[in-house]
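Visitor: The following file, start_35.csv, comprises CSV, C-alpha atoms:
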chain,number,residue,atom,x,y,z
H,1259,MET,CA,-9.2,28.0,-3.1
H,1260,THR,CA,-9.1,31.0,-5.3
H,1261,ARG,CA,-6.4,33.7,-5.5
H,1262,ALA,CA,-7.2,37.4,-5.5
H,1263,ASN,CA,-6.7,37.5,-9.3
H,1264,GLY,CA,-9.5,35.0,-9.8
H,1265,THR,CA,-7.3,32.0,-10.7
H,1266,GLU,CA,-7.3,28.8,-8.7
H,1267,ARG,CA,-4.6,28.1,-6.2
H,1268,PRO,CA,-3.0,24.6,-6.8
H,1269,PRO,CA,-3.9,22.2,-4.0
H,1270,ALA,CA,-1.3,21.4,-1.4
H,1271,PRO,CA,0.9,18.4,-2.4
H,1272,PRO,CA,-0.5,15.2,-1.0
H,1273,PRO,CA,1.4,13.6,1.9
H,1274,PHE,CA,4.0,11.1,0.8
H,1275,THR,CA,2.3,7.7,0.1
H,1276,PRO,CA,4.7,4.8,-0.3
H,1277,LEU,CA,4.7,3.3,-3.8
H,1278,THR,CA,6.8,0.1,-3.2
H,1279,TRP,CA,6.6,-2.1,-0.2
H,1280,LEU,CA,9.2,-4.9,-0.1
H,1281,TYR,CA,8.6,-8.0,2.0
H,1282,ALA,CA,11.6,-9.8,3.6
H,1283,PRO,CA,11.4,-12.9,5.8
H,1284,GLY,CA,12.1,-12.2,9.4
H,1285,ASP,CA,14.2,-15.4,10.0
H,1286,ARG,CA,16.7,-14.3,7.3
H,1287,PRO,CA,18.5,-11.3,8.7
H,1288,ALA,CA,20.9,-11.1,5.7
H,1289,VAL,CA,17.9,-10.9,3.3
H,1290,VAL,CA,16.4,-8.2,5.4
H,1291,ALA,CA,19.7,-6.2,5.3
H,1292,LYS,CA,19.7,-6.4,1.5
H,1293,ALA,CA,16.0,-5.4,1.4
H,1294,LEU,CA,16.9,-2.2,3.3
H,1295,LEU,CA,19.3,-1.2,0.5
H,1296,ALA,CA,17.0,-2.2,-2.4
H,1297,GLY,CA,15.3,1.1,-2.9
H,1298,ALA,CA,11.8,0.3,-1.7
H,1299,ASP,CA,9.8,3.0,0.0
H,1300,VAL,CA,9.0,0.6,2.9
H,1301,VAL,CA,10.5,-2.7,4.0
H,1302,ILE,CA,8.1,-5.2,5.6
H,1303,VAL,CA,9.7,-7.8,7.8
H,1304,ASP,CA,7.4,-10.8,7.7
H,1305,LEU,CA,6.9,-13.0,10.7
H,1306,GLU,CA,3.9,-14.8,9.2
H,1307,ASP,CA,3.7,-16.6,5.9
H,1308,ALA,CA,7.3,-16.3,4.9
H,1309,VAL,CA,8.5,-18.0,8.1
H,1310,ALA,CA,8.2,-21.7,8.9
H,1311,PRO,CA,6.5,-22.4,12.2
H,1312,HIS,CA,9.6,-23.9,13.8
H,1313,ARG,CA,11.6,-20.7,13.0
H,1314,ARG,CA,9.1,-18.1,14.2
H,1315,ALA,CA,10.6,-17.7,17.6
H,1316,TYR,CA,14.0,-17.1,16.0
H,1317,ALA,CA,12.4,-14.7,13.5
H,1318,LEU,CA,10.9,-12.6,16.3
H,1319,ASP,CA,14.2,-12.4,18.1
H,1320,ALA,CA,16.1,-11.5,15.0
H,1321,THR,CA,13.6,-8.8,14.1
H,1322,ALA,CA,13.8,-7.4,17.6
H,1323,ASP,CA,17.6,-7.1,17.2
H,1324,LEU,CA,17.1,-5.3,13.9
H,1325,LEU,CA,14.6,-2.9,15.3
H,1326,ALA,CA,16.8,-2.0,18.3
H,1327,ASP,CA,18.2,0.6,15.9
H,1328,SER,CA,16.6,3.0,13.4
H,1329,HIS,CA,17.0,2.7,9.7
H,1330,PRO,CA,16.9,5.2,6.8
H,1331,VAL,CA,14.0,3.2,5.3
H,1332,PRO,CA,10.8,2.8,7.2
H,1333,VAL,CA,10.4,-0.7,8.6
H,1334,HIS,CA,7.0,-2.3,9.1
H,1335,VAL,CA,6.5,-5.8,10.6
H,1336,ARG,CA,3.8,-8.2,9.6
H,1337,VAL,CA,3.2,-10.0,12.9
H,1338,HIS,CA,2.1,-13.6,13.2
H,1339,THR,CA,0.0,-13.2,16.3
H,1340,PRO,CA,-0.7,-10.4,18.8
H,1341,HIS,CA,1.7,-12.1,21.1
H,1342,ASP,CA,4.6,-10.7,18.9
H,1343,ILE,CA,3.5,-7.1,19.6
H,1344,PRO,CA,4.8,-6.5,23.2
H,1345,THR,CA,8.3,-7.5,22.1
H,1346,LEU,CA,8.3,-5.2,19.1
H,1347,ALA,CA,6.1,-2.2,20.0
H,1348,PRO,CA,8.7,-0.3,22.2
H,1349,LEU,CA,11.6,-0.7,19.7
H,1350,PRO,CA,12.8,2.6,18.0
H,1351,GLY,CA,13.3,1.0,14.6
H,1352,LEU,CA,9.6,0.0,14.2
H,1353,HIS,CA,7.5,2.4,12.1
H,1354,ALA,CA,4.2,0.4,11.8
H,1355,LEU,CA,2.5,-3.0,12.2
H,1356,ARG,CA,0.8,-4.9,9.4
H,1357,VAL,CA,-1.9,-7.0,11.0
H,1358,PRO,CA,-3.0,-10.1,9.1
H,1359,LYS,CA,-6.4,-11.8,9.1
H,1360,VAL,CA,-8.4,-8.8,10.5
H,1361,THR,CA,-12.1,-9.5,10.2
H,1362,HIS,CA,-13.8,-7.0,12.7
H,1363,ALA,CA,-13.2,-3.5,14.0
H,1364,THR,CA,-12.8,-5.1,17.4
H,1365,ASP,CA,-9.6,-6.8,16.2
H,1366,ILE,CA,-8.1,-3.3,15.6
H,1367,HIS,CA,-9.1,-2.0,19.0
H,1368,ARG,CA,-7.3,-5.0,20.6
H,1369,ILE,CA,-4.1,-4.4,18.6
H,1370,ALA,CA,-4.1,-0.7,19.2
H,1371,ARG,CA,-4.2,-1.3,23.0
H,1372,LEU,CA,-1.1,-3.5,22.6
H,1373,ALA,CA,0.8,-1.0,20.5
H,1374,PRO,CA,-0.3,2.5,21.5
H,1375,GLY,CA,0.8,5.2,19.1
H,1376,LEU,CA,2.0,2.8,16.4
H,1377,PRO,CA,0.4,3.1,12.9
H,1378,LEU,CA,-1.6,0.0,11.9
H,1379,TYR,CA,-2.2,-1.5,8.5
H,1380,PRO,CA,-4.9,-4.2,8.6
H,1381,LEU,CA,-4.9,-6.9,5.9
H,1382,LEU,CA,-8.3,-8.2,4.7
H,1383,GLU,CA,-8.0,-11.8,3.8
H,1384,ASN,CA,-11.4,-13.4,3.8
H,1385,ALA,CA,-15.0,-12.6,2.7
H,1386,LEU,CA,-16.1,-11.3,6.1
H,1387,ALA,CA,-13.2,-8.9,6.3
H,1388,VAL,CA,-14.1,-7.5,2.8
H,1389,GLU,CA,-17.7,-7.0,4.0
H,1390,HIS,CA,-16.4,-5.1,7.0
H,1391,ALA,CA,-13.8,-3.1,5.1
H,1392,TYR,CA,-15.1,0.4,5.9
H,1393,ALA,CA,-15.7,-0.5,9.6
H,1394,ILE,CA,-12.1,-1.8,9.8
H,1395,ALA,CA,-10.7,1.3,8.0
H,1396,THR,CA,-12.4,3.6,10.5
H,1397,ALA,CA,-12.0,1.5,13.6
H,1398,HIS,CA,-9.3,3.5,15.2
H,1399,PRO,CA,-7.1,6.6,14.4
H,1400,ALA,CA,-4.1,4.3,14.4
H,1401,VAL,CA,-5.3,2.7,11.1
H,1402,ARG,CA,-3.2,4.4,8.4
H,1403,GLY,CA,-4.1,2.1,5.5
H,1404,ILE,CA,-5.9,-1.1,4.5
H,1405,ALA,CA,-5.0,-3.8,1.9
H,1406,LEU,CA,-6.1,-7.1,0.7
H,1407,GLY,CA,-4.3,-10.4,1.4
H,1408,GLU,CA,-5.1,-11.9,-2.0
H,1409,ALA,CA,-3.7,-15.4,-1.6
H,1410,ASP,CA,-5.9,-16.2,1.4
H,1411,LEU,CA,-8.8,-14.4,-0.1
H,1412,ARG,CA,-8.6,-16.5,-3.3
H,1413,ALA,CA,-8.7,-19.6,-1.2
H,1414,ASP,CA,-11.6,-18.4,1.0
H,1415,LEU,CA,-13.7,-17.4,-2.1
H,1416,GLY,CA,-12.7,-20.3,-4.3
H,1417,ILE,CA,-11.5,-18.0,-7.0
H,1418,ARG,CA,-9.7,-19.4,-10.0
H,1419,GLU,CA,-9.4,-16.4,-12.4
H,1420,ASP,CA,-7.8,-13.2,-11.4
H,1421,SER,CA,-10.8,-11.2,-12.6
H,1422,GLY,CA,-12.8,-12.8,-9.8
H,1423,LEU,CA,-11.0,-10.5,-7.4
H,1424,ASP,CA,-12.0,-7.3,-9.1
H,1425,TRP,CA,-15.0,-6.8,-6.9
H,1426,PRO,CA,-13.1,-7.2,-3.6
H,1427,ARG,CA,-10.4,-5.0,-5.0
H,1428,GLY,CA,-12.9,-2.3,-5.8
H,1429,ARG,CA,-14.5,-2.6,-2.4
H,1430,VAL,CA,-11.2,-2.0,-0.6
H,1431,VAL,CA,-10.4,1.0,-2.8
H,1432,VAL,CA,-13.7,2.6,-2.1
H,1433,ALA,CA,-13.5,1.8,1.7
H,1434,ALA,CA,-10.1,3.4,1.9
H,1435,ARG,CA,-11.2,6.5,0.1
H,1436,ALA,CA,-14.4,6.8,2.2
H,1437,ALA,CA,-12.3,6.5,5.3
H,1438,ALA,CA,-9.9,9.3,4.1
H,1439,LEU,CA,-7.0,6.8,3.9
H,1440,PRO,CA,-4.4,6.6,1.2
H,1441,PRO,CA,-5.3,4.4,-1.8
H,1442,PRO,CA,-4.4,0.8,-1.0
H,1443,ALA,CA,-1.4,-0.9,-2.4
H,1444,GLN,CA,-1.8,-4.0,-4.5
H,1445,SER,CA,-1.1,-7.4,-3.0
H,1446,VAL,CA,2.1,-9.2,-4.1
H,1447,HIS,CA,2.6,-10.9,-7.4
H,1448,PRO,CA,4.0,-14.3,-6.4
H,1449,ASP,CA,5.9,-15.2,-9.6
H,1450,ILE,CA,9.2,-13.3,-9.4
H,1451,GLY,CA,10.2,-14.5,-12.8
H,1452,ASP,CA,7.3,-13.2,-14.8
H,1453,LEU,CA,7.8,-9.5,-14.8
H,1454,ASP,CA,5.5,-9.0,-17.8
H,1455,ALA,CA,2.6,-10.5,-15.8
H,1456,LEU,CA,3.5,-8.2,-12.9
H,1457,ALA,CA,3.4,-5.2,-15.2
H,1458,THR,CA,0.0,-6.2,-16.6
H,1459,GLY,CA,-1.3,-6.7,-13.1
H,1460,CYS,CA,0.0,-3.3,-12.0
H,1461,ALA,CA,-1.7,-1.6,-14.9
H,1462,ARG,CA,-5.0,-3.3,-14.0
H,1463,GLY,CA,-4.5,-2.3,-10.4
H,1464,ARG,CA,-3.8,1.3,-11.3
H,1465,ALA,CA,-7.0,1.4,-13.4
H,1466,LEU,CA,-9.0,0.1,-10.4
H,1467,GLY,CA,-7.7,2.9,-8.1
H,1468,PHE,CA,-4.8,1.2,-6.3
H,1469,PHE,CA,-1.5,3.0,-5.7
H,1470,GLY,CA,1.7,1.0,-5.7
H,1471,ARG,CA,2.3,-2.6,-4.8
H,1472,ALA,CA,3.9,-4.9,-2.4
H,1473,ALA,CA,6.8,-6.9,-3.7
H,1474,ILE,CA,8.7,-10.1,-2.7
H,1475,HIS,CA,11.9,-9.5,-4.6
H,1476,PRO,CA,13.9,-6.3,-5.5
H,1477,ARG,CA,13.7,-7.0,-9.2
H,1478,GLN,CA,9.9,-6.3,-9.0
H,1479,LEU,CA,10.4,-2.8,-7.7
H,1480,PRO,CA,11.3,-1.0,-11.0
H,1481,VAL,CA,8.3,-2.7,-12.7
H,1482,ILE,CA,5.9,-1.4,-10.1
H,1483,GLU,CA,7.4,2.1,-10.2
H,1484,ARG,CA,7.1,2.3,-14.0
H,1485,ALA,CA,3.5,1.1,-13.9
H,1486,TYR,CA,2.4,3.6,-11.3
H,1487,LEU,CA,4.4,6.7,-12.0
H,1488,PRO,CA,3.0,8.9,-14.8
H,1489,THR,CA,4.4,8.6,-18.3
H,1490,PRO,CA,5.9,11.6,-20.1
H,1491,ALA,CA,2.7,11.8,-22.2
H,1492,GLU,CA,0.6,11.9,-19.1
H,1493,ILE,CA,2.7,14.6,-17.5
H,1494,ASP,CA,2.5,16.7,-20.6
H,1495,ALA,CA,-1.3,16.3,-20.7
H,1496,ALA,CA,-1.6,17.2,-17.0
H,1497,ARG,CA,0.5,20.4,-17.6
H,1498,GLU,CA,-1.9,21.4,-20.4
H,1499,VAL,CA,-4.9,20.9,-18.2
H,1500,VAL,CA,-3.4,22.9,-15.3
H,1501,ALA,CA,-2.4,25.7,-17.6
H,1502,ALA,CA,-6.0,25.8,-18.9
H,1503,GLY,CA,-7.4,25.9,-15.3
H,1504,THR,CA,-11.1,26.4,-14.5
H,1505,GLY,CA,-11.3,30.0,-13.7
H,1506,GLN,CA,-13.9,30.5,-16.3
H,1507,GLY,CA,-15.8,27.3,-15.5
H,1508,ALA,CA,-15.8,24.1,-17.6
H,1509,LEU,CA,-14.1,24.3,-21.0
H,1510,ALA,CA,-12.9,22.1,-23.8
H,1511,LEU,CA,-9.2,21.9,-24.9
H,1512,PRO,CA,-8.3,22.1,-28.6
H,1513,ASP,CA,-8.0,18.3,-28.7
H,1514,GLY,CA,-11.5,17.9,-27.4
H,1515,ARG,CA,-10.8,17.0,-23.8
H,1516,PHE,CA,-13.3,18.4,-21.4
H,1517,VAL,CA,-11.8,20.2,-18.4
H,1518,ASP,CA,-13.5,21.1,-15.1
H,1519,ALA,CA,-12.4,21.4,-11.5
H,1520,ALA,CA,-12.2,17.7,-10.9
H,1521,VAL,CA,-10.1,17.2,-14.0
H,1522,VAL,CA,-7.7,19.9,-12.9
H,1523,ALA,CA,-7.4,18.4,-9.4
H,1524,GLY,CA,-6.5,15.1,-11.1
H,1525,ALA,CA,-3.9,16.8,-13.2
H,1526,HIS,CA,-2.3,18.3,-10.1
H,1527,ARG,CA,-2.1,14.8,-8.6
H,1528,VAL,CA,-0.3,13.6,-11.7
H,1529,LEU,CA,2.2,16.4,-11.5
H,1530,ALA,CA,2.8,15.7,-7.8
H,1531,LEU,CA,3.7,12.1,-8.7
H,1532,ALA,CA,5.8,13.3,-11.6
H,1533,ALA,CA,8.3,14.7,-9.1
H,1534,ARG,CA,8.8,11.2,-7.8
H,1535,ARG,CA,9.8,9.9,-11.2
H,1536,ALA,CA,13.0,12.0,-10.9
For the file at hand, write its structure as C-alpha cells.
Guide:
Amino acid sequence: MTRANGTERPPAPPPFTPLTWLYAPGDRPAVVAKALLAGADVVIVDLEDAVAPHRRAYALDATADLLADSHPVPVHVRVHTPHDIPTLAPLPGLHALRVPKVTHATDIHRIARLAPGLPLYPLLENALAVEHAYAIATAHPAVRGIALGEADLRADLGIREDSGLDWPRGRVVVAARAAALPPPAQSVHPDIGDLDALATGCARGRALGFFGRAAIHPRQLPVIERAYLPTPAEIDAAREVVAAGTGQGALALPDGRFVDAAVVAGAHRVLALAARRA
C-alpha cells in the first residue's frame, strides 16, 4: 500500500507466531507445572510418546485436572488417540490439539468433528503424510499449523543422516506457505546435553524456512531463541533497507545490496521479530 506522498506504507505486523514450544509428559504434573513457568511461548502436554502405555489413563486424568483452569501460557495437548479428545475438548485451559500420525485430510475432518472450534496442529510422521502435506494443511479451517514428526519419519524412510530429511522439511515448509499457514516449527532435538548441535540444527532449519522449534527441556529454549531471532547486524541491515524503501523502484545500496519490494517486505519481517528480542 502507498501513502499519499508516494512512499510505501509498512505492512501490518504479522500475527504472533510462537517461537518455542516446550513438551512436558502428561503423567508428570510437577514437570508440567515447571514447564508452564519456563518461558516457552507454548507448553505441549504430551499424552503420546512421552508416556508409558500403562500410565496413559493416569496422564489423561492428570491433564484434564490441569486444564480445568486457564493458564497464562497457551497449553496444547498432543493426544494419543482420538478417544482422548472428548475428555479434553470442553476444558477451558485447552488452547489447541496436536494430532499425531495424520496421513489424510479425512483424519482432520474426523478430529474436527470431535473438537469443534479447537485449533488443530497435525503432525506428519510418515512418507504418505508428507506426500499429502498440502491436502492436510488445507483440510479444515481448524488447522492452524503443520509440522513434521521427525523421529517416526526417519524410521519410516530408513534415513541415517540428518541431511536425508531436507526434502521432507522443504516440502512441509512449502505446503504451509501455500496453505497460508505460519511457517512450521522444527521437530525436537532429542539430545538435551548437546546444545551446540541444537544450535547448528536450528541454523539449518532457519535457512530452510522454519520458524522456531519444539523443545523437550527448558535449557533448550534460549538456544532456539538465539538461533531464530535476528542478530543486531541483521536488524541494522533491515533498518537500512527499510529506510531506502522502493518508492523509486529497484535500487542498489552503497554496499552493493539490491533492494526491491520483496527485499523491503523481508526487512519489515526482521524488524517485527526484533521487537521480540527485547
Visitor: Counting all atoms listed in the file, what is within 7 Å of Gln1444 in chain H, bar same-chain residues fewer than 3 positions away, as a ChimeraX atom specification?
Guide: /H:1463,1468,1470-1472
Visitor: Report, in Å to a single decimal, how far apart CA of Thr1364 in chain H and CA of Gly1407 in chain H are.
Guide: 18.9 Å
Visitor: Measure the distance from CA of Glu1383 in chain H to CA of Ala1434 in chain H in Å and round it to one decimal.
Guide: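 Atom-to-atom, CA of Glu1383 in chain H and CA of Ala1434 in chain H are spaced 15.5 Å apart.
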Visitor: Please determine, counting only C-alpha atoms, which residue among H:Leu1355, H:Leu1466, H:Ile1394, H:Leu1349 has the shortest atom-to-atom distance to Leu1423 in chain H.
Guide: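 Nearest to Leu1423 in chain H: H:Leu1466.
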Visitor: Counting only C-alpha atoms, figure out which residue out of H:Glu1498, H:Asp1304, H:Glu1389, H:Asp1414 gets nearest to Ala1282 in chain H.
Guide: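 Closest candidate: H:Asp1304.
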Visitor: So which one's closest to Gly1428 in chain H, H:Val1521, H:Ala1465, H:Ala1393, H:Cys1460? Using only C-alpha atoms, please.
Guide: H:Ala1465
Visitor: Can you tell me how far CA of Pro1377 in chain H sits from CA of Arg1402 in chain H, in Å to one decimal?
Guide: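 One can read the CA of Pro1377 in chain H to CA of Arg1402 in chain H distance as 5.9 Å.
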Visitor: Please determine the residues with any atom at most 10 Å from (0.7, -6.8, 26.4) (coordinates as given in the file, with all atoms listed in the file counting) and report them as number ranges by chain.
Guide: H: 1340-1345, 1347, 1369, 1371-1373
Visitor: Identify, on the basis of only C-alpha atoms, every residue whose closest approach to Pro1287 in chain H does not exceed 8 Å; exclude the query and any residue fewer than 3 positions from it along the same chain; express the result as a PDB file with C-alpha atoms, keeping the file's coordinate frame.
Guide:
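Ended up saving to result-v6.pdb:
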ATOM      1  CA  PRO H1283      11.400 -12.900   5.800  1.00  0.00           C
ATOM      2  CA  GLY H1284      12.100 -12.200   9.400  1.00  0.00           C
ATOM      3  CA  VAL H1290      16.400  -8.200   5.400  1.00  0.00           C
ATOM      4  CA  ALA H1291      19.700  -6.200   5.300  1.00  0.00           C
ATOM      5  CA  ALA H1320      16.100 -11.500  15.000  1.00  0.00           C
ATOM      6  CA  THR H1321      13.600  -8.800  14.100  1.00  0.00           C
TER       7      THR H1321
END
Visitor: Quick one: everything within 12 Å of Pro1476 in chain H, counting all atoms listed in the file, minus sequence neighbours fewer than 4 positions away in the same chain. Send it as a short mmCIF file (atom, residue, chain, number, x, y, z; two decimals) with C-alpha atoms, keeping the file's coordinate frame.
Guide:
data_model
loop_
_atom_site.label_atom_id
_atom_site.label_comp_id
_atom_site.auth_asym_id
_atom_site.auth_seq_id
_atom_site.Cartn_x
_atom_site.Cartn_y
_atom_site.Cartn_z
CA THR H 1278 6.80 0.10 -3.20
CA TRP H 1279 6.60 -2.10 -0.20
CA LEU H 1280 9.20 -4.90 -0.10
CA TYR H 1281 8.60 -8.00 2.00
CA ALA H 1282 11.60 -9.80 3.60
CA VAL H 1289 17.90 -10.90 3.30
CA VAL H 1290 16.40 -8.20 5.40
CA LYS H 1292 19.70 -6.40 1.50
CA ALA H 1293 16.00 -5.40 1.40
CA LEU H 1294 16.90 -2.20 3.30
CA LEU H 1295 19.30 -1.20 0.50
CA ALA H 1296 17.00 -2.20 -2.40
CA GLY H 1297 15.30 1.10 -2.90
CA ALA H 1298 11.80 0.30 -1.70
CA ASP H 1299 9.80 3.00 0.00
CA VAL H 1300 9.00 0.60 2.90
CA VAL H 1301 10.50 -2.70 4.00
CA ILE H 1450 9.20 -13.30 -9.40
CA GLY H 1451 10.20 -14.50 -12.80
CA LEU H 1453 7.80 -9.50 -14.80
CA ALA H 1472 3.90 -4.90 -2.40
CA PRO H 1480 11.30 -1.00 -11.00
CA VAL H 1481 8.30 -2.70 -12.70
CA ILE H 1482 5.90 -1.40 -10.10
CA GLU H 1483 7.40 2.10 -10.20
#
Visitor: When distances are computed from all atoms listed in the file, which of H:Leu1439, H:Leu1456, H:Val1335, H:Ala1395 shows the smallest separation from Val1360 in chain H?
Guide: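 Ranked by minimum distance to Val1360 in chain H, first place goes to H:Ala1395.
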Visitor: Mind checking which residues fall within 12 Å of Glu1492 in chain H, counting all atoms listed in the file, ignoring those fewer than 2 positions away in the same chain, and posting them as a ChimeraX atom specification?
Guide: /H:1486-1490,1494-1499,1524-1529,1531-1532
Visitor: Could you write out that same residue set with C-alpha atoms as a PDB file, keeping the file's coordinate frame?
Guide:
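Wrote it out as out-v6.pdb, contents follow:
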ATOM      1  CA  TYR H1486       2.400   3.600 -11.300  1.00  0.00           C
ATOM      2  CA  LEU H1487       4.400   6.700 -12.000  1.00  0.00           C
ATOM      3  CA  PRO H1488       3.000   8.900 -14.800  1.00  0.00           C
ATOM      4  CA  THR H1489       4.400   8.600 -18.300  1.00  0.00           C
ATOM      5  CA  PRO H1490       5.900  11.600 -20.100  1.00  0.00           C
ATOM      6  CA  ASP H1494       2.500  16.700 -20.600  1.00  0.00           C
ATOM      7  CA  ALA H1495      -1.300  16.300 -20.700  1.00  0.00           C
ATOM      8  CA  ALA H1496      -1.600  17.200 -17.000  1.00  0.00           C
ATOM      9  CA  ARG H1497       0.500  20.400 -17.600  1.00  0.00           C
ATOM     10  CA  GLU H1498      -1.900  21.400 -20.400  1.00  0.00           C
ATOM     11  CA  VAL H1499      -4.900  20.900 -18.200  1.00  0.00           C
ATOM     12  CA  GLY H1524      -6.500  15.100 -11.100  1.00  0.00           C
ATOM     13  CA  ALA H1525      -3.900  16.800 -13.200  1.00  0.00           C
ATOM     14  CA  HIS H1526      -2.300  18.300 -10.100  1.00  0.00           C
ATOM     15  CA  ARG H1527      -2.100  14.800  -8.600  1.00  0.00           C
ATOM     16  CA  VAL H1528      -0.300  13.600 -11.700  1.00  0.00           C
ATOM     17  CA  LEU H1529       2.200  16.400 -11.500  1.00  0.00           C
ATOM     18  CA  LEU H1531       3.700  12.100  -8.700  1.00  0.00           C
ATOM     19  CA  ALA H1532       5.800  13.300 -11.600  1.00  0.00           C
TER      20      ALA H1532
END
Visitor: Counting all atoms listed in the file, figure out which residue out of H:Leu1411, H:Leu1382, H:Glu1419, H:Arg1286 gets nearest to Pro1442 in chain H.
Guide: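 Looking at the shortest contact to Pro1442 in chain H, the residue is H:Leu1382.
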Visitor: Rank H:Val1430, H:Ala1501, H:Ala1326, H:Val1333 by their smallest atom-to-atom distance to Pro1380 in chain H, using all atoms listed in the file, and report the top residue only.
Guide: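 Between H:Val1430, H:Ala1501, H:Ala1326, H:Val1333, the residue approaching Pro1380 in chain H most closely is H:Val1430.
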Visitor: Take range 1330-1344 of chain H from the preceding structure and save N, CA, C and O atoms as a PDB file, in the first residue's frame.
Guide:
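Ended up saving to selection-v4.pdb:
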ATOM      1  N   PRO H1330      -1.553 -18.754  32.118  1.00  0.00           N
ATOM      2  CA  PRO H1330      -1.024 -17.618  31.358  1.00  0.00           C
ATOM      3  C   PRO H1330      -0.364 -18.025  30.044  1.00  0.00           C
ATOM      4  O   PRO H1330      -0.325 -17.249  29.097  1.00  0.00           O
ATOM      5  N   VAL H1331       0.179 -19.240  30.005  1.00  0.00           N
ATOM      6  CA  VAL H1331       0.828 -19.755  28.803  1.00  0.00           C
ATOM      7  C   VAL H1331      -0.163 -20.639  28.054  1.00  0.00           C
ATOM      8  O   VAL H1331      -0.834 -21.474  28.673  1.00  0.00           O
ATOM      9  N   PRO H1332      -0.291 -20.484  26.735  1.00  0.00           N
ATOM     10  CA  PRO H1332      -1.170 -21.389  25.992  1.00  0.00           C
ATOM     11  C   PRO H1332      -0.740 -22.843  26.180  1.00  0.00           C
ATOM     12  O   PRO H1332       0.449 -23.164  26.112  1.00  0.00           O
ATOM     13  N   VAL H1333      -1.700 -23.706  26.415  1.00  0.00           N
ATOM     14  CA  VAL H1333      -1.437 -25.130  26.605  1.00  0.00           C
ATOM     15  C   VAL H1333      -2.062 -25.914  25.463  1.00  0.00           C
ATOM     16  O   VAL H1333      -3.273 -25.820  25.215  1.00  0.00           O
ATOM     17  N   HIS H1334      -1.220 -26.660  24.763  1.00  0.00           N
ATOM     18  CA  HIS H1334      -1.677 -27.607  23.753  1.00  0.00           C
ATOM     19  C   HIS H1334      -1.525 -29.008  24.313  1.00  0.00           C
ATOM     20  O   HIS H1334      -0.718 -29.245  25.226  1.00  0.00           O
ATOM     21  N   VAL H1335      -2.246 -29.942  23.757  1.00  0.00           N
ATOM     22  CA  VAL H1335      -2.105 -31.352  24.146  1.00  0.00           C
ATOM     23  C   VAL H1335      -1.873 -32.178  22.897  1.00  0.00           C
ATOM     24  O   VAL H1335      -2.619 -32.064  21.922  1.00  0.00           O
ATOM     25  N   ARG H1336      -0.808 -32.981  22.943  1.00  0.00           N
ATOM     26  CA  ARG H1336      -0.622 -33.986  21.897  1.00  0.00           C
ATOM     27  C   ARG H1336      -1.336 -35.250  22.367  1.00  0.00           C
ATOM     28  O   ARG H1336      -0.915 -35.892  23.332  1.00  0.00           O
ATOM     29  N   VAL H1337      -2.434 -35.560  21.702  1.00  0.00           N
ATOM     30  CA  VAL H1337      -3.242 -36.696  22.120  1.00  0.00           C
ATOM     31  C   VAL H1337      -2.592 -37.996  21.684  1.00  0.00           C
ATOM     32  O   VAL H1337      -1.758 -38.031  20.763  1.00  0.00           O
ATOM     33  N   HIS H1338      -2.995 -39.070  22.343  1.00  0.00           N
ATOM     34  CA  HIS H1338      -2.526 -40.396  21.937  1.00  0.00           C
ATOM     35  C   HIS H1338      -3.454 -40.991  20.885  1.00  0.00           C
ATOM     36  O   HIS H1338      -2.995 -41.473  19.839  1.00  0.00           O
ATOM     37  N   THR H1339      -4.754 -40.937  21.147  1.00  0.00           N
ATOM     38  CA  THR H1339      -5.752 -41.411  20.194  1.00  0.00           C
ATOM     39  C   THR H1339      -6.921 -40.429  20.192  1.00  0.00           C
ATOM     40  O   THR H1339      -7.089 -39.633  21.132  1.00  0.00           O
ATOM     41  N   PRO H1340      -7.774 -40.490  19.187  1.00  0.00           N
ATOM     42  CA  PRO H1340      -8.970 -39.637  19.201  1.00  0.00           C
ATOM     43  C   PRO H1340      -9.860 -39.855  20.409  1.00  0.00           C
ATOM     44  O   PRO H1340     -10.654 -38.972  20.774  1.00  0.00           O
ATOM     45  N   HIS H1341      -9.723 -41.008  21.074  1.00  0.00           N
ATOM     46  CA  HIS H1341     -10.547 -41.281  22.256  1.00  0.00           C
ATOM     47  C   HIS H1341     -10.228 -40.323  23.401  1.00  0.00           C
ATOM     48  O   HIS H1341     -11.041 -40.167  24.332  1.00  0.00           O
ATOM     49  N   ASP H1342      -9.046 -39.679  23.369  1.00  0.00           N
ATOM     50  CA  ASP H1342      -8.711 -38.702  24.412  1.00  0.00           C
ATOM     51  C   ASP H1342      -9.510 -37.407  24.263  1.00  0.00           C
ATOM     52  O   ASP H1342      -9.688 -36.670  25.243  1.00  0.00           O
ATOM     53  N   ILE H1343      -9.958 -37.121  23.073  1.00  0.00           N
ATOM     54  CA  ILE H1343     -10.451 -35.779  22.756  1.00  0.00           C
ATOM     55  C   ILE H1343     -11.743 -35.409  23.477  1.00  0.00           C
ATOM     56  O   ILE H1343     -11.857 -34.287  23.995  1.00  0.00           O
ATOM     57  N   PRO H1344     -12.751 -36.279  23.557  1.00  0.00           N
ATOM     58  CA  PRO H1344     -13.976 -35.865  24.259  1.00  0.00           C
ATOM     59  C   PRO H1344     -13.740 -35.445  25.706  1.00  0.00           C
ATOM     60  O   PRO H1344     -14.447 -34.575  26.227  1.00  0.00           O
TER      61      PRO H1344
END
